[in-house]
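Asker: This is the structure I want to talk about, given as structure tokens.
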Amino acid sequence: MSTQAPPAPAVPSIPPLDPPPPLGPVVERSGPADRVRVPRRRLRFGIQSKLLVMLLATSILSALVVGYVGYQSGKESLQNAAFNQLTQVRESRSREITSFFDQIRNQLVLYTRGATVIQAVQDYTQDFQELDSATISPAQSVALDDYYQNVFVKGLEGNTGNSSDPAGFIPTDPAQRYLQANYTVPFTSFDEAVKLDDAGDGSAWSATHAKYHDYFRELTSRFAFEDALLLDTNGNVVYSAYAGADLGTNVETGPYRDSNLTEAYRNALSSNAVDFVEVTDYGRYQPSYGVPTAWVVSPVGSDGVVSGALALQLPINAINDLMTGGQAWSDEGLGETGETYLAGPDEQLRSVSRLVLEDPAAYRAKSIAAGEDPALASKAAAVQGTVLLQSSHTTAVANALKGETGTIIADDYLGDESLVAYAPLEIDGLRWVIIAKISAAEAFGPVTDFTRNIILATAAMIFLVCLASLILAQIFVRPVRRLLTGVRQVSAGDLNVQVPVMARDEFGDLGVAFNDMSRSLRVKQDLLEEQQAENDRLLLTLMPEAVAKRYRKGEETISEDHQDVSVIFADIVGFDALSARLPSEESLGMLNELVRRFDEAAGRLGVEKIRTLRTGYLASVGLTVPRVDNSRRAVDFALEMDSIVQRFNGLHGTGLSLRAGVDTGRVTSGLVGRSTVVYDMWGDAVNLANQVQSVAGRSGIFVTGRIYDQMRDVLRFAPAGDIETKSGPQPVWRVEVDAHD
């Protein structure tokens with residue numbers, strides 16, 4: 001048998017386990033300087049969060065769209081309703097004013113055609129002419145002058161704010177002085193003067209006055225006219241119900257010739273029609289102390305003959321009552337700020353402002369703030385009237401004066417943003433417009449309430465949607481969470497996980513697939529564990545367990561020095577000749593039987609097998625497990641191997657023998673190779689153990705001097721020769737097998 005160690009059997013290459021990923025910052029080697037790459041944490045946005053965001057975004061957007069559409073529709077409807085209400089009020093007021101003027105026209109035509117008025121004009125005219133030579137007493141003259149200086153002019157200046165010369169108004173005509181001395185000057189107010197039927201002066205005019213005055217007094221009081229005048233064909237005011245400063249004056253040549261009454265009188269007489277009615281716009285009439293006055297004038301006569309004219313002063317209070325609805329604005333649907341008013345071509349009001357009636361101080365402040373003359377604003381607040389005192393330079397008035405009808409949202413004459421319905425007023429002789437308005441804040445009050453309700457409803461809807469979205473997201477993600485929990489358990493190594501399948505949808509299919517995968521992984525894991533166990537067993541047959549652990553951890557270079565190790569190097573003598581006579585399978589079976597028994601004996605005696613060299617066997621004692629009696633164990637193992645060979649011969653009838661060498665000393669062990677790894681041991685003790693077993697060229701157990709020195713008191717040895725070593729020749733001893741204790 002050759003003493004050369006045969007080639008090591010091929011060992012399956014077992015790749016080392018992958019090292020765990022680095023924890024913490026990763027250092028990248030990139031030249032002289034090392035860069036530290038810190039892993040960035042990405043914001044985790046789970047499927048539940050995504051689903052919740054999608055549900056909320058969709059639902060909230062839908063709620064907002066619905067709320068916006070509802071808001072716009074509701075706002076438009078409420079705005080249209082407000083405009084419709086204003087339009088209805090405007091049309092109603094327009095009809096009432098038109099009807100009022102039509103009624104006055106009809107009344108005036110009826111009066112001027114009546115025998116009473118016709119006869120009254122004739123009688124007053126005749127009697128007025130008789131007063132051309134009438135005289136008054138010095139006392140009456142002084143009283144007349146004093147009246148104009150201290151009553152009339154002061155009243156006129158107080159209302160107009162302009163200074164006036166009394167001389168321009170004091171009557172010079174005898175008839176005028178006579179009538180005013182008897183019917184005007186004695187009274188401090190118009191209401192007292194209208195009560196007088198006869199001054200008792202014995203004149204024909206007074207007799208006529210006593211005859212007709214009650215008729216005209218009843219006419220003015222019953223229909224609320226401010227005054228009723230009778231004029232002859234020469235322009236003389238031959239009668240005045242309230243006996244003002246215009247009594248006896250001439251509208252053509254007198255101090256009041258520039259009044260609107262004069263123009264109306266001229267138009268009436270030049271019409272040549274007894275049913276003609278002239279309506280004037282408001283103008284400041286001095287005999288009424290400059291108070292804005294409007295007139296309706298119609299010629300008086302019969303059979304086509306005009307004998308004079310009847311002029312009725314329009315009742316401004318009646319017009320204001322119509323425009324304010326008797327100050328019942330709320331009942332008319334105009335709320336707290338709404339009103340209707342009239343304006344003329346000069347954009348001045350022709351009716352009273354609501355605010356000046358309700359709060360004069362607030363009106364004054366707002367009017368001045370809107371740009372009105374403070375003096376006019378103060379005057380309007382003082383008299384609680386705004387006719388020809390308050391301007392209305394607004395878009396609505398301008399449009400209406402152009403003949404347009406419509407609605408608009410714009411600032412009103414007091415500077416408040418308002419909803420306005422405007423239209424021209426169809427009254428012959430007048431270029432007025434009618435306006436109905438209400439503040440935008442009040443008009444849109446329902447819109448504000450509606451908006452608040454929409455916002456609250458939308459907010460409640462969004463809250464409910466959020467709540468429902470949270471619940472739905474939880475329900476929707478619950479199967480995913482179960483799957484995620486299962487995946488984490490599988491990732492942690494628990495392959496017995498089975499998730500419950502509670503739905504027949506894609507999530508249910510995913511759960512079934514996961515359970516199938518888990519079972520498949522478990523089966524594969526069992527197979528892998530069995531394979532791993534087999535690999536471990538195979539690995540332990542090739543190397544010690546400690547070395548195998550280091551190899552499994554990925555160490556590539558594994559070697560270790562040992563100081564006190566006994567080495568057994570044995571050959572089976574005669575096996576080559578035996579295997580040459582036998583079939584290869586039988587020969588291999590016999591060899592495996594011997595090696596298996598050697599391994600069993602090594603296990604019993606604490607001997608560590610290093611490798612099998614076909615018919616050779618290399619083992620050690622004290623290599624990985626330190627032994628105090630490693631030399632004895634080594635020799636005992638060699639003796640046991642010899643006994644195994646002898647028993648094998650007896651069993652199989654073979655003539656095999658054992659040649660073994662034993663030494664002790666320093667050795668080195670480790671893995672040799674990379675693709676094919678072999679565990680081996682080398683060193684002087686291995687070399688000497690190999691040399692001593694071949695020194696005699698015959699079977700037996702041979703030991704070096706170191707083994708002999710330790711075991712000579714236990715076993716009998718016989719000299720077997722010498723071997724050459726680096727330190728010189730050394731003796732070799734042969735163990736006497738029958739001398740074993």
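Residues are referred to by chain and number: the chain letter is A, B, ... according to the order shown in the structure tokens, the number counts from 1 in that chain, and ligands are numbered separately from 1 in the order shown.
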Select from region 147-319 of chain A everything DSSP, run on the backbone, classes as helix (DSSP H, G or I), then give the selection as an MDAnalysis selection string.
Answerer: chainID A and resid 147:160 166:168 174:183 190:193 204:222 260:270 286:288 316:319
Asker: Quick one: everything within 9 Å of Gln140 (chain A), counting only C-alpha atoms, minus sequence neighbours fewer than 3 positions away in the same chain. Send it as a list in words.
Answerer: Ile136, Ser137, Ala143, Leu144, Asp145, Tyr178, Ala181, Asn182 and Val185 of chain A
Asker: CA of Ser469 (chain A) and CA of Val65 (chain A), how far apart in Å?
Answerer: 18.2 Å
Asker: With only C-alpha atoms as the counted atoms, please give the residues lying no more than 9 Å from Val499 (chain A), apart from itself and same-chain residues fewer than 2 positions off, as a ChimeraX atom specification.
Answerer: /A:479,482-483,485-486,497,501,511-512,514-515
Asker: Set the distance at 8 Å and use only C-alpha atoms: which residues neighbour Lys366 (chain A) once local chain neighbours fewer than 3 positions away are removed? I'd like the list as a ChimeraX atom specification.
Answerer: /A:362-363,369-370,414-415
Asker: If you count only C-alpha atoms, which residues fall within 8 Å of region 374-389 of chain A, apart from same-chain ones fewer than 2 positions away, as a count of residues only?
Answerer: 19
Asker: What's around region 563-568 of chain A at 8 Å? Count only C-alpha atoms, leave out sequence neighbours fewer than 4 positions away in its own chain, and write the answer as a PyMOL selection string.
Answerer: chain A and resi 617-623+630-631+634-635+638+660-667+685-686+689
Asker: If you keep N, CA and C atoms, can you produce a file of those selected residues as a PDB file, in the first residue's frame?
Answerer:
ATOM      1  N   TYR A 617      -6.271   6.458   6.469  1.00  0.00           N
ATOM      2  CA  TYR A 617      -7.170   7.086   7.441  1.00  0.00           C
ATOM      3  C   TYR A 617      -6.330   8.023   8.291  1.00  0.00           C
ATOM      4  N   LEU A 618      -6.680   9.312   8.304  1.00  0.00           N
ATOM      5  CA  LEU A 618      -5.963  10.314   9.084  1.00  0.00           C
ATOM      6  C   LEU A 618      -6.897  10.819  10.171  1.00  0.00           C
ATOM      7  N   ALA A 619      -6.429  10.732  11.419  1.00  0.00           N
ATOM      8  CA  ALA A 619      -7.232  11.180  12.563  1.00  0.00           C
ATOM      9  C   ALA A 619      -6.325  11.845  13.572  1.00  0.00           C
ATOM     10  N   SER A 620      -6.975  12.516  14.544  1.00  0.00           N
ATOM     11  CA  SER A 620      -6.207  13.217  15.579  1.00  0.00           C
ATOM     12  C   SER A 620      -6.962  13.150  16.887  1.00  0.00           C
ATOM     13  N   VAL A 621      -6.221  13.453  17.935  1.00  0.00           N
ATOM     14  CA  VAL A 621      -6.811  13.551  19.269  1.00  0.00           C
ATOM     15  C   VAL A 621      -6.317  14.864  19.881  1.00  0.00           C
ATOM     16  N   GLY A 622      -7.268  15.677  20.375  1.00  0.00           N
ATOM     17  CA  GLY A 622      -6.904  16.956  20.985  1.00  0.00           C
ATOM     18  C   GLY A 622      -6.822  18.096  19.999  1.00  0.00           C
ATOM     19  N   LEU A 623      -7.350  17.897  18.768  1.00  0.00           N
ATOM     20  CA  LEU A 623      -7.269  18.955  17.768  1.00  0.00           C
ATOM     21  C   LEU A 623      -8.270  20.069  18.069  1.00  0.00           C
ATOM     22  N   ASN A 630      -4.322  12.592  25.210  1.00  0.00           N
ATOM     23  CA  ASN A 630      -4.483  12.408  23.784  1.00  0.00           C
ATOM     24  C   ASN A 630      -3.564  11.330  23.225  1.00  0.00           C
ATOM     25  N   SER A 631      -2.387  11.170  23.796  1.00  0.00           N
ATOM     26  CA  SER A 631      -1.468  10.128  23.289  1.00  0.00           C
ATOM     27  C   SER A 631      -2.044   8.740  23.528  1.00  0.00           C
ATOM     28  N   ALA A 634      -4.922   8.127  21.212  1.00  0.00           N
ATOM     29  CA  ALA A 634      -4.453   7.865  19.847  1.00  0.00           C
ATOM     30  C   ALA A 634      -3.988   6.424  19.684  1.00  0.00           C
ATOM     31  N   VAL A 635      -3.201   5.946  20.652  1.00  0.00           N
ATOM     32  CA  VAL A 635      -2.702   4.573  20.560  1.00  0.00           C
ATOM     33  C   VAL A 635      -3.848   3.576  20.717  1.00  0.00           C
ATOM     34  N   ALA A 638      -5.600   3.318  17.503  1.00  0.00           N
ATOM     35  CA  ALA A 638      -4.835   2.505  16.531  1.00  0.00           C
ATOM     36  C   ALA A 638      -5.002   1.022  16.829  1.00  0.00           C
ATOM     37  N   ALA A 660      -0.076   1.513  11.045  1.00  0.00           N
ATOM     38  CA  ALA A 660      -0.425   2.836  11.556  1.00  0.00           C
ATOM     39  C   ALA A 660       0.766   3.474  12.223  1.00  0.00           C
ATOM     40  N   GLY A 661       0.860   4.817  12.063  1.00  0.00           N
ATOM     41  CA  GLY A 661       1.891   5.596  12.725  1.00  0.00           C
ATOM     42  C   GLY A 661       1.253   6.614  13.645  1.00  0.00           C
ATOM     43  N   VAL A 662       1.869   6.805  14.819  1.00  0.00           N
ATOM     44  CA  VAL A 662       1.307   7.723  15.813  1.00  0.00           C
ATOM     45  C   VAL A 662       2.413   8.656  16.277  1.00  0.00           C
ATOM     46  N   ASP A 663       2.096   9.947  16.314  1.00  0.00           N
ATOM     47  CA  ASP A 663       3.025  10.939  16.848  1.00  0.00           C
ATOM     48  C   ASP A 663       2.194  12.018  17.544  1.00  0.00           C
ATOM     49  N   THR A 664       2.856  12.803  18.300  1.00  0.00           N
ATOM     50  CA  THR A 664       2.193  13.928  18.998  1.00  0.00           C
ATOM     51  C   THR A 664       3.071  15.144  18.895  1.00  0.00           C
ATOM     52  N   GLY A 665       2.411  16.303  18.841  1.00  0.00           N
ATOM     53  CA  GLY A 665       3.173  17.535  18.735  1.00  0.00           C
ATOM     54  C   GLY A 665       2.326  18.667  18.141  1.00  0.00           C
ATOM     55  N   ARG A 666       3.017  19.610  17.480  1.00  0.00           N
ATOM     56  CA  ARG A 666       2.364  20.812  16.939  1.00  0.00           C
ATOM     57  C   ARG A 666       1.886  20.533  15.520  1.00  0.00           C
ATOM     58  N   VAL A 667       0.616  20.913  15.262  1.00  0.00           N
ATOM     59  CA  VAL A 667       0.056  20.754  13.927  1.00  0.00           C
ATOM     60  C   VAL A 667      -0.746  22.013  13.578  1.00  0.00           C
ATOM     61  N   ALA A 685       4.073  16.675  13.188  1.00  0.00           N
ATOM     62  CA  ALA A 685       3.485  15.472  13.788  1.00  0.00           C
ATOM     63  C   ALA A 685       2.800  14.626  12.719  1.00  0.00           C
ATOM     64  N   VAL A 686       2.169  15.258  11.727  1.00  0.00           N
ATOM     65  CA  VAL A 686       1.520  14.516  10.654  1.00  0.00           C
ATOM     66  C   VAL A 686       2.567  13.814   9.791  1.00  0.00           C
ATOM     67  N   ALA A 689       4.059  10.922  11.766  1.00  0.00           N
ATOM     68  CA  ALA A 689       3.125   9.799  11.874  1.00  0.00           C
ATOM     69  C   ALA A 689       3.089   9.023  10.560  1.00  0.00           C
TER      70      ALA A 689
END
Asker: Could you list, as a PyMOL selection string, every residue within 9 Å of region 246-258 of chain A, counting only C-alpha atoms and ignoring same-chain residues fewer than 2 positions away?
Answerer: chain A and resi 128+168-169+171+173+175-180+183-184+229+231+234-244+260-263+265-266+285-288
Asker: Going by DSSP on the backbone, which residues of region 191-305 of chain A come out as strand (DSSP E or B)? List them as number ranges by chain.
Answerer: A: 227-231, 236-240, 250, 278-279, 283-285, 291-293, 295-302, 305
